[in-house]
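Peer 1: This is the structure I want to talk about, given as structure tokens.
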Amino acid sequence: MAGEPQADCLFCKIVSGEIPATIVRETETTVAFRDINPQAPTHVLVIPRVHYSDALALASGDPAVTADVLREAGEVAVQEKVDATGYRIVFNTGPGAGQTVFHAHAHVLGGRDLQRLV
């Protein structure tokens, strides 16, 4: 069921503490942690604590938490000191877009020129 933790979800296991991650920020509704395969000097994932399979499911199912994820992505950029130079927030939605973990998440990327990263 949408919003409920999924036993086979890697990110649900990070939220619950079953799997370790390098957490950089936490709120009541989100967790932010470093990507294990960074594509930029700053590469942090911001996930909702509730499980939705992708960005559309999250936005449709819980608009307030969607806003929390975006707000926290901005706070991560400030904390990581990439807000002044520029950063990217990316939601990969579906396997054709590169989504490999089907728990909605935002990538916060920065710390280098991102004009060529698509």
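Residue numbering restarts at 1 in every chain; chains get A, B, ... in the order shown in the structure tokens, and ligands count up from 1 in that same order.
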Quick one: DSSP strand (DSSP E or B) residues in chain A, as a list in words?
Peer 2: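 Across chain A, those assigned strand (DSSP E or B) are Ile23, Val24, Arg25, Glu26, Thr30, Val31, Ala32, Phe33, Arg34, Thr42, His43, Val44, Leu45, Val46, Ile47, Pro48, Tyr87, Arg88, Ile89, Val90, Ala106, His107, Val108, Leu109 and Gly110 of chain A.
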Peer 1: Please return, as a ChimeraX atom specification, all residues of chain A that DSSP assigns to helix (DSSP H, G or I) on the basis of the backbone.
Peer 2: /A:10-16,55-61,63-79,95-97
Peer 1: For Phe33 of chain A, work out the shell of residues within 8 Å, counting only C-alpha atoms and skipping chain neighbours fewer than 2 positions away, then give it as an mmCIF file with C-alpha atoms, in the first residue's frame.
Peer 2:
data_model
loop_
_atom_site.group_PDB
_atom_site.id
_atom_site.type_symbol
_atom_site.label_atom_id
_atom_site.label_comp_id
_atom_site.auth_asym_id
_atom_site.auth_seq_id
_atom_site.Cartn_x
_atom_site.Cartn_y
_atom_site.Cartn_z
ATOM 1 C CA ALA A 21 23.779 5.220 5.272
ATOM 2 C CA THR A 22 25.773 8.411 5.656
ATOM 3 C CA ILE A 23 22.902 10.615 6.767
ATOM 4 C CA VAL A 24 23.429 14.359 6.379
ATOM 5 C CA ARG A 25 19.971 15.640 7.417
ATOM 6 C CA VAL A 31 15.953 11.591 5.343
ATOM 7 C CA ASP A 35 24.747 8.570 -2.668
ATOM 8 C CA VAL A 44 22.883 13.563 -1.735
ATOM 9 C CA LEU A 45 19.565 11.724 -1.936
ATOM 10 C CA VAL A 46 16.542 13.194 -0.183
#
Peer 1: Restricting the calculation to only C-alpha atoms, which member of A:Val65, A:Pro48, A:Val101, A:Thr42 is positioned closest to Lys81 of chain A?
Peer 2: A:Thr42
Peer 1: Just the residues within 9 Å of Asp54 of chain A, please, counting only C-alpha atoms, with nothing from its chain fewer than 2 positions along; format it as a list in words.
Peer 2: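 My reading of the contact set: His51, Tyr52, Leu56, Ala57, Leu58, Ala59, Phe91, Asn92, Thr93, Gly94, Gln99, Val101, Phe102, His103, Ala104 and His105 of chain A.
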Peer 1: Hey, what's within 7 Å of segment 82-88 of chain A if we count only C-alpha atoms and toss same-chain stuff fewer than 5 positions away? As a PyMOL selection string, please?
Peer 2: chain A and resi 77+108-111
Peer 1: Could you state the separation of atom CA of Val69 of chain A and atom CA of Ser53 of chain A in Å, given to one decimal place?
Peer 2: 14.3 Å
